[in-house]
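Notes follow once the structure below has been shown.
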Amino acid sequence: MYPVKERAAKLLAVGESIEDVAKAVKKKEETVKLWQLDKDFARAIDGHCQVILESAAGVAIQVAVGYLAKKHADKDRAMVALALLRMNKPVSPPRNGGRKPVSEDETDTDRYSIEQLKRLTGDA
């Protein structure tokens, strides 16, 4: 995949709009939309999304472990990190009747304030 298309895939993976991606790579929106129909391009976006999720999981683990090891006392940040880890945990194959489905309560971050979420991402 050539660099412009690769950059577009990375931008889409981080949630940029088609309009913004098109401007960034100096292509028409229609071109970016057509690229999305290409299986290799879609796989590239998925690959970049996976890298982002793995990175986020790594940070979330560090935050949670830091709290448990008393390296910081920010319980809110640790709880948000735990919620992110729960939301992104892989689904294991069924064994002995399968596993209990993850409840909405386990993945609900609505109970956290915008300030708490910002602190987790370092924007506070």
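Identifiers for the structure tokens are assigned positionally: chains receive A, B, ... in sequence, residues are indexed from 1 per chain, and ligands are indexed from 1 in the order shown.
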Check: Which neighbours of range 47-54 of chain A fall inside 12 Å, counting only C-alpha atoms, when residues of the same chain fewer than 3 positions from it are skipped, and could you give them as a VMD selection string?
Finding: chain A and resid 6 to 15 40 to 44 57 to 61 84 to 85 87 to 90
Check: So which residues touch Lys33 in chain A within 12 Å, counting only C-alpha atoms, skipping near sequence neighbours fewer than 2 positions away, as a count of residues only?
Finding: 20
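A straight line drawn from CA of Val80 in chain A to CA of Asp20 in chain A is 29.3 Å long.
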Next item on the list: For CA of Val32 in chain A and CA of Val4 in chain A, determine how far apart the two atoms are, in Å to one decimal place.
Entry: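 Taking CA of Val32 in chain A and CA of Val4 in chain A, their separation equals 10.5 Å.
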Check: By how many Å are CA of Arg119 in chain A and CA of Lys71 in chain A apart?
Finding: 15.9 Å
